[in-house]
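Okay, target.cif now, which holds mmCIF, N, CA and C atoms:
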```cif
data_start
loop_
_atom_site.label_atom_id
_atom_site.label_comp_id
_atom_site.auth_asym_id
_atom_site.auth_seq_id
_atom_site.Cartn_x
_atom_site.Cartn_y
_atom_site.Cartn_z
N MET A 1324 -67.16 -129.38 -145.75
CA MET A 1324 -66.91 -128.25 -146.63
C MET A 1324 -66.14 -128.73 -147.85
N SER A 1325 -66.28 -127.98 -148.90
CA SER A 1325 -65.65 -128.29 -150.18
C SER A 1325 -64.13 -128.22 -150.10
N CYS A 1326 -63.48 -128.96 -151.00
CA CYS A 1326 -62.03 -128.85 -151.15
C CYS A 1326 -61.68 -127.58 -151.91
N GLU A 1327 -62.56 -127.16 -152.84
CA GLU A 1327 -62.34 -125.95 -153.61
C GLU A 1327 -62.85 -124.75 -152.82
N PRO A 1328 -62.13 -123.62 -152.83
CA PRO A 1328 -62.57 -122.46 -152.05
C PRO A 1328 -63.77 -121.74 -152.66
N TRP A 1329 -64.00 -121.91 -153.97
CA TRP A 1329 -65.16 -121.31 -154.63
C TRP A 1329 -65.60 -122.23 -155.76
N PRO A 1330 -66.81 -122.01 -156.30
CA PRO A 1330 -67.32 -122.93 -157.32
C PRO A 1330 -66.54 -122.82 -158.63
N SER A 1331 -66.52 -123.92 -159.37
CA SER A 1331 -65.86 -123.93 -160.68
C SER A 1331 -66.76 -123.38 -161.77
N ALA A 1332 -68.07 -123.30 -161.52
CA ALA A 1332 -69.02 -122.73 -162.47
C ALA A 1332 -70.11 -122.01 -161.69
N LEU A 1333 -70.61 -120.94 -162.30
CA LEU A 1333 -71.58 -120.08 -161.63
C LEU A 1333 -72.39 -119.39 -162.72
N ALA A 1334 -73.73 -119.47 -162.65
CA ALA A 1334 -74.57 -118.84 -163.67
C ALA A 1334 -75.95 -118.55 -163.11
N ILE A 1335 -76.54 -117.47 -163.58
CA ILE A 1335 -77.94 -117.17 -163.27
C ILE A 1335 -78.80 -117.86 -164.33
N ASN A 1336 -79.75 -118.66 -163.89
CA ASN A 1336 -80.73 -119.25 -164.80
C ASN A 1336 -82.01 -118.45 -164.63
N HIS A 1337 -82.28 -117.57 -165.59
CA HIS A 1337 -83.45 -116.69 -165.48
C HIS A 1337 -84.75 -117.47 -165.64
N ALA A 1338 -84.75 -118.51 -166.47
CA ALA A 1338 -85.97 -119.28 -166.71
C ALA A 1338 -86.45 -119.99 -165.44
N SER A 1339 -85.53 -120.61 -164.72
CA SER A 1339 -85.91 -121.35 -163.50
C SER A 1339 -85.76 -120.51 -162.24
N ARG A 1340 -85.28 -119.27 -162.40
CA ARG A 1340 -85.04 -118.37 -161.27
C ARG A 1340 -84.16 -119.04 -160.21
N THR A 1341 -83.03 -119.54 -160.70
CA THR A 1341 -82.06 -120.15 -159.79
C THR A 1341 -80.66 -119.63 -160.09
N LEU A 1342 -79.81 -119.71 -159.08
CA LEU A 1342 -78.38 -119.48 -159.24
C LEU A 1342 -77.77 -120.88 -159.29
N GLU A 1343 -77.13 -121.19 -160.40
CA GLU A 1343 -76.56 -122.52 -160.58
C GLU A 1343 -75.08 -122.48 -160.26
N LEU A 1344 -74.63 -123.46 -159.47
CA LEU A 1344 -73.23 -123.56 -159.06
C LEU A 1344 -72.73 -124.98 -159.28
N VAL A 1345 -71.45 -125.11 -159.48
CA VAL A 1345 -70.81 -126.43 -159.50
C VAL A 1345 -69.60 -126.34 -158.58
N TRP A 1346 -69.61 -127.18 -157.55
CA TRP A 1346 -68.52 -127.21 -156.57
C TRP A 1346 -68.01 -128.64 -156.50
N ASP A 1347 -66.73 -128.84 -156.66
CA ASP A 1347 -66.15 -130.19 -156.61
C ASP A 1347 -66.87 -131.14 -157.56
N GLY A 1348 -67.32 -130.63 -158.71
CA GLY A 1348 -68.01 -131.44 -159.70
C GLY A 1348 -69.47 -131.70 -159.43
N ALA A 1349 -70.00 -131.22 -158.30
CA ALA A 1349 -71.39 -131.46 -157.94
C ALA A 1349 -72.24 -130.22 -158.24
N PRO A 1350 -73.23 -130.34 -159.14
CA PRO A 1350 -74.08 -129.19 -159.44
C PRO A 1350 -75.10 -128.93 -158.33
N ALA A 1351 -75.50 -127.68 -158.21
CA ALA A 1351 -76.54 -127.28 -157.27
C ALA A 1351 -77.25 -126.07 -157.86
N ALA A 1352 -78.50 -125.87 -157.44
CA ALA A 1352 -79.27 -124.71 -157.88
C ALA A 1352 -79.96 -124.10 -156.67
N LEU A 1353 -79.78 -122.81 -156.49
CA LEU A 1353 -80.38 -122.08 -155.37
C LEU A 1353 -81.45 -121.14 -155.91
N ALA A 1354 -82.67 -121.26 -155.40
CA ALA A 1354 -83.77 -120.40 -155.84
C ALA A 1354 -83.48 -118.94 -155.47
N HIS A 1355 -83.81 -118.05 -156.39
CA HIS A 1355 -83.59 -116.63 -156.14
C HIS A 1355 -84.28 -116.18 -154.86
N ALA A 1356 -85.54 -116.57 -154.66
CA ALA A 1356 -86.28 -116.17 -153.46
C ALA A 1356 -85.63 -116.71 -152.20
N ALA A 1357 -85.11 -117.93 -152.25
CA ALA A 1357 -84.45 -118.51 -151.08
C ALA A 1357 -83.16 -117.77 -150.77
N LEU A 1358 -82.43 -117.37 -151.80
CA LEU A 1358 -81.22 -116.57 -151.58
C LEU A 1358 -81.57 -115.24 -150.95
N ARG A 1359 -82.63 -114.60 -151.46
CA ARG A 1359 -83.05 -113.30 -150.93
C ARG A 1359 -83.47 -113.45 -149.46
N ALA A 1360 -84.17 -114.52 -149.15
CA ALA A 1360 -84.61 -114.77 -147.77
C ALA A 1360 -83.44 -115.10 -146.85
N SER A 1361 -82.32 -115.52 -147.42
CA SER A 1361 -81.13 -115.89 -146.63
C SER A 1361 -80.12 -114.76 -146.52
N CYS A 1362 -80.49 -113.57 -146.96
CA CYS A 1362 -79.56 -112.44 -146.90
C CYS A 1362 -79.15 -112.17 -145.46
N ARG A 1363 -77.86 -111.92 -145.27
CA ARG A 1363 -77.33 -111.66 -143.92
C ARG A 1363 -76.91 -110.21 -143.73
N CYS A 1364 -77.40 -109.30 -144.57
CA CYS A 1364 -77.03 -107.89 -144.37
C CYS A 1364 -77.63 -107.39 -143.06
N ALA A 1365 -77.13 -106.29 -142.56
CA ALA A 1365 -77.58 -105.75 -141.27
C ALA A 1365 -79.07 -105.47 -141.26
N HIS A 1366 -79.61 -104.95 -142.35
CA HIS A 1366 -81.03 -104.63 -142.43
C HIS A 1366 -81.88 -105.91 -142.29
N CYS A 1367 -81.54 -106.93 -143.05
CA CYS A 1367 -82.31 -108.18 -143.02
C CYS A 1367 -82.17 -108.90 -141.68
N GLU A 1368 -80.96 -108.92 -141.13
CA GLU A 1368 -80.75 -109.56 -139.83
C GLU A 1368 -81.54 -108.84 -138.74
N SER A 1369 -81.56 -107.52 -138.78
CA SER A 1369 -82.31 -106.74 -137.80
C SER A 1369 -83.80 -107.03 -137.90
N ALA A 1370 -84.32 -107.10 -139.11
CA ALA A 1370 -85.74 -107.41 -139.30
C ALA A 1370 -86.07 -108.81 -138.78
N ARG A 1371 -85.19 -109.77 -139.03
CA ARG A 1371 -85.43 -111.13 -138.53
C ARG A 1371 -85.41 -111.18 -137.00
N ARG A 1372 -84.47 -110.46 -136.39
CA ARG A 1372 -84.41 -110.43 -134.92
C ARG A 1372 -85.67 -109.81 -134.34
N ALA A 1373 -86.30 -108.90 -135.08
CA ALA A 1373 -87.53 -108.27 -134.63
C ALA A 1373 -88.74 -109.17 -134.86
N GLY A 1374 -88.52 -110.33 -135.48
CA GLY A 1374 -89.59 -111.30 -135.64
C GLY A 1374 -90.32 -111.25 -136.96
N GLY A 1375 -89.89 -110.42 -137.88
CA GLY A 1375 -90.58 -110.34 -139.17
C GLY A 1375 -89.70 -110.77 -140.31
N PRO A 1376 -90.28 -110.80 -141.50
CA PRO A 1376 -89.45 -111.10 -142.67
C PRO A 1376 -88.52 -109.94 -142.95
N ALA A 1377 -87.42 -110.22 -143.61
CA ALA A 1377 -86.43 -109.18 -143.91
C ALA A 1377 -87.08 -108.06 -144.71
N LEU A 1378 -87.67 -108.35 -145.79
CA LEU A 1378 -88.42 -107.41 -146.63
C LEU A 1378 -89.50 -108.21 -147.35
N PRO A 1379 -90.63 -107.58 -147.64
CA PRO A 1379 -91.62 -108.31 -148.44
C PRO A 1379 -91.01 -108.66 -149.80
N MET A 1380 -91.33 -109.84 -150.30
CA MET A 1380 -90.80 -110.27 -151.59
C MET A 1380 -91.92 -110.40 -152.60
N ALA A 1381 -91.72 -109.79 -153.76
CA ALA A 1381 -92.68 -109.92 -154.85
C ALA A 1381 -92.62 -111.34 -155.40
N PRO A 1382 -93.74 -111.87 -155.89
CA PRO A 1382 -93.72 -113.23 -156.43
C PRO A 1382 -92.81 -113.38 -157.65
N ASP A 1383 -92.54 -112.28 -158.34
CA ASP A 1383 -91.68 -112.34 -159.52
C ASP A 1383 -90.23 -111.94 -159.21
N LEU A 1384 -89.85 -111.98 -157.93
CA LEU A 1384 -88.49 -111.63 -157.54
C LEU A 1384 -87.48 -112.44 -158.35
N ALA A 1385 -86.44 -111.76 -158.80
CA ALA A 1385 -85.41 -112.44 -159.58
C ALA A 1385 -84.05 -111.87 -159.22
N LEU A 1386 -83.05 -112.65 -159.48
CA LEU A 1386 -81.67 -112.22 -159.33
C LEU A 1386 -81.31 -111.48 -160.62
N ALA A 1387 -81.00 -110.20 -160.51
CA ALA A 1387 -80.73 -109.38 -161.69
C ALA A 1387 -79.30 -109.57 -162.19
N ARG A 1388 -78.37 -109.60 -161.24
CA ARG A 1388 -76.97 -109.82 -161.61
C ARG A 1388 -76.19 -110.23 -160.38
N ILE A 1389 -74.99 -110.73 -160.62
CA ILE A 1389 -74.09 -111.11 -159.55
C ILE A 1389 -72.75 -110.43 -159.78
N GLU A 1390 -72.05 -110.18 -158.72
CA GLU A 1390 -70.71 -109.62 -158.81
C GLU A 1390 -69.78 -110.46 -157.95
N VAL A 1391 -68.77 -111.04 -158.57
CA VAL A 1391 -67.79 -111.84 -157.84
C VAL A 1391 -66.86 -110.90 -157.09
N LEU A 1392 -66.71 -111.14 -155.81
CA LEU A 1392 -65.85 -110.31 -154.96
C LEU A 1392 -64.57 -111.07 -154.61
N GLY A 1393 -63.95 -111.63 -155.63
CA GLY A 1393 -62.70 -112.35 -155.44
C GLY A 1393 -62.85 -113.53 -154.51
N ALA A 1394 -61.91 -113.66 -153.59
CA ALA A 1394 -61.92 -114.77 -152.64
C ALA A 1394 -62.98 -114.61 -151.56
N SER A 1395 -63.63 -113.44 -151.49
CA SER A 1395 -64.63 -113.18 -150.44
C SER A 1395 -65.95 -113.88 -150.69
N GLY A 1396 -66.46 -113.80 -151.91
CA GLY A 1396 -67.77 -114.38 -152.21
C GLY A 1396 -68.46 -113.62 -153.32
N LEU A 1397 -69.80 -113.53 -153.20
CA LEU A 1397 -70.62 -112.87 -154.22
C LEU A 1397 -71.44 -111.76 -153.61
N GLN A 1398 -71.67 -110.73 -154.40
CA GLN A 1398 -72.70 -109.76 -154.07
C GLN A 1398 -73.82 -110.02 -155.05
N LEU A 1399 -75.03 -110.18 -154.54
CA LEU A 1399 -76.19 -110.48 -155.35
C LEU A 1399 -77.06 -109.23 -155.47
N PHE A 1400 -77.52 -108.97 -156.67
CA PHE A 1400 -78.38 -107.82 -156.96
C PHE A 1400 -79.74 -108.36 -157.39
N PHE A 1401 -80.77 -108.04 -156.60
CA PHE A 1401 -82.11 -108.56 -156.84
C PHE A 1401 -82.99 -107.54 -157.55
N SER A 1402 -84.03 -108.04 -158.21
CA SER A 1402 -84.93 -107.18 -158.99
C SER A 1402 -85.70 -106.19 -158.12
N ASP A 1403 -85.79 -106.43 -156.82
CA ASP A 1403 -86.47 -105.49 -155.93
C ASP A 1403 -85.54 -104.37 -155.45
N GLY A 1404 -84.33 -104.33 -155.99
CA GLY A 1404 -83.37 -103.28 -155.64
C GLY A 1404 -82.45 -103.65 -154.49
N HIS A 1405 -82.70 -104.77 -153.83
CA HIS A 1405 -81.87 -105.15 -152.69
C HIS A 1405 -80.52 -105.67 -153.17
N HIS A 1406 -79.45 -105.13 -152.62
CA HIS A 1406 -78.10 -105.57 -152.99
C HIS A 1406 -77.10 -105.31 -151.86
N ARG A 1407 -77.60 -105.32 -150.64
CA ARG A 1407 -76.74 -104.99 -149.49
C ARG A 1407 -75.89 -106.16 -149.02
N GLY A 1408 -76.37 -107.36 -149.21
CA GLY A 1408 -75.70 -108.51 -148.62
C GLY A 1408 -74.57 -109.06 -149.46
N ILE A 1409 -73.53 -109.50 -148.79
CA ILE A 1409 -72.44 -110.23 -149.42
C ILE A 1409 -72.57 -111.68 -148.96
N TYR A 1410 -72.52 -112.58 -149.90
CA TYR A 1410 -72.67 -114.00 -149.63
C TYR A 1410 -71.29 -114.64 -149.72
N PRO A 1411 -70.64 -114.86 -148.57
CA PRO A 1411 -69.31 -115.49 -148.59
C PRO A 1411 -69.38 -116.89 -149.21
N TRP A 1412 -68.28 -117.31 -149.83
CA TRP A 1412 -68.24 -118.64 -150.46
C TRP A 1412 -68.66 -119.75 -149.50
N PRO A 1413 -68.16 -119.79 -148.25
CA PRO A 1413 -68.58 -120.88 -147.35
C PRO A 1413 -70.08 -120.87 -147.07
N TYR A 1414 -70.69 -119.68 -146.99
CA TYR A 1414 -72.13 -119.58 -146.76
C TYR A 1414 -72.90 -120.10 -147.97
N LEU A 1415 -72.47 -119.74 -149.18
CA LEU A 1415 -73.12 -120.25 -150.39
C LEU A 1415 -73.00 -121.77 -150.47
N TYR A 1416 -71.85 -122.29 -150.11
CA TYR A 1416 -71.67 -123.74 -150.10
C TYR A 1416 -72.65 -124.38 -149.12
N GLN A 1417 -72.77 -123.80 -147.94
CA GLN A 1417 -73.70 -124.33 -146.93
C GLN A 1417 -75.13 -124.30 -147.46
N LEU A 1418 -75.54 -123.19 -148.07
CA LEU A 1418 -76.89 -123.09 -148.60
C LEU A 1418 -77.14 -124.11 -149.71
N ALA A 1419 -76.13 -124.34 -150.53
CA ALA A 1419 -76.29 -125.22 -151.69
C ALA A 1419 -76.24 -126.70 -151.34
N TYR A 1420 -75.40 -127.08 -150.40
CA TYR A 1420 -75.11 -128.50 -150.21
C TYR A 1420 -75.39 -129.04 -148.81
N GLU A 1421 -75.56 -128.19 -147.84
CA GLU A 1421 -75.67 -128.70 -146.47
C GLU A 1421 -77.04 -128.54 -145.85
N ARG A 1422 -77.96 -127.84 -146.51
CA ARG A 1422 -79.32 -127.77 -145.99
C ARG A 1422 -80.28 -127.54 -147.15
N PRO A 1423 -81.48 -128.07 -147.06
CA PRO A 1423 -82.43 -127.92 -148.17
C PRO A 1423 -82.91 -126.48 -148.32
N MET A 1424 -83.06 -126.07 -149.55
CA MET A 1424 -83.57 -124.73 -149.87
C MET A 1424 -84.79 -124.90 -150.77
N SER A 1425 -85.71 -123.97 -150.69
CA SER A 1425 -86.88 -124.02 -151.58
C SER A 1425 -86.73 -123.03 -152.70
#
```
Output the structure of this file as C-alpha cells.
Amino acid sequence: MSCEPWPSALAINHASRTLELVWDGAPAALAHAALRASCRCAHCESARRAGGPALPMAPDLALARIEVLGASGLQLFFSDGHHRGIYPWPYLYQLAYERPMS
C-alpha cells in the first residue's frame, strides 16, 4: 500500500476515458468502464452475487464528474446516471497499482 493516504493528483481525462491518478509519484490511469464494473455499491454487489453484470454498460460510458469525500475516498458519477458507489482510497489504490484493469 502507498505511503500517502490519497493521491497527490487526480483528473478525469475525457479523451481517453480514464481517471488519472498520481500516488507516491507513480502515475496510473483507470478506464471509466473498468471503474464502473468495479463498483461496490449494494445494487452492483447484489447483481454480481446473482451471477450477472451489475448493470448493462453503454459503449460510450464516461465518468461525468468526481466528488472527493475527504479522507474517505471518491464518489464517481457516470454518464449512465450511476453514482451510488463510494470508492475508498485504499480500493482505488488497489485498482490502480495492484491488479491489471482494462
**OP:** Record the distance separating atom CA of Gln1417 of chain A and atom CA of Leu1358 of chain A, expressed in Å with one decimal.
**Re:**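 Between atom CA of Gln1417 of chain A and atom CA of Leu1358 of chain A the gap is 11.8 Å.
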**OP:** Do a neighbour search on segment 1345-1354 of chain A at 6 Å with only C-alpha atoms, toss out local chain neighbours closer than 3 positions, and write the hits as a ChimeraX atom specification.
**Re:** /A:1330-1332,1340-1342,1357,1419
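Interatomic distance, atom CA of Pro1379 of chain A to atom C of Ser1402 of chain A: 11.5 Å.
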**OP:** Quick one: everything within 8 Å of Pro1411 of chain A, counting only C-alpha atoms, minus sequence neighbours fewer than 4 positions away in the same chain. Send it as a list in words.
**Re:**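 Here the qualifying residues turn out to be Ser1395, Gly1396, Leu1397 and Leu1415 of chain A.
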Original post:
Quick one: DSSP helix (DSSP H, G or I) residues in chain A, as number ranges by chain?
Top reply: A: 1355-1360, 1365-1372, 1412-1421
**OP:** Take atom N of Trp1329 of chain A and atom CA of Trp1412 of chain A and report the distance between them in Å, one decimal.
**Re:** 6.4 Å
Subject >> Residues of segment 1352-1421 of chain A in strand (DSSP E), written as a ChimeraX atom specification >> reply: /A:1352-1354,1386-1391,1396-1401,1409-1411
Original post:
Of the residues A:Cys1364, A:Ala1356, A:Ala1370, A:Ala1334, which is the one nearest to His1406 of chain A, using all atoms listed in the file?
Top reply: A:Cys1364
**OP:** Name the closest residue to Met1380 of chain A among the candidates A:Leu1344, A:Asp1403, A:Gln1398, A:Gly1408; distances are taken between atoms, counting all atoms listed in the file.
**Re:** A:Asp1403
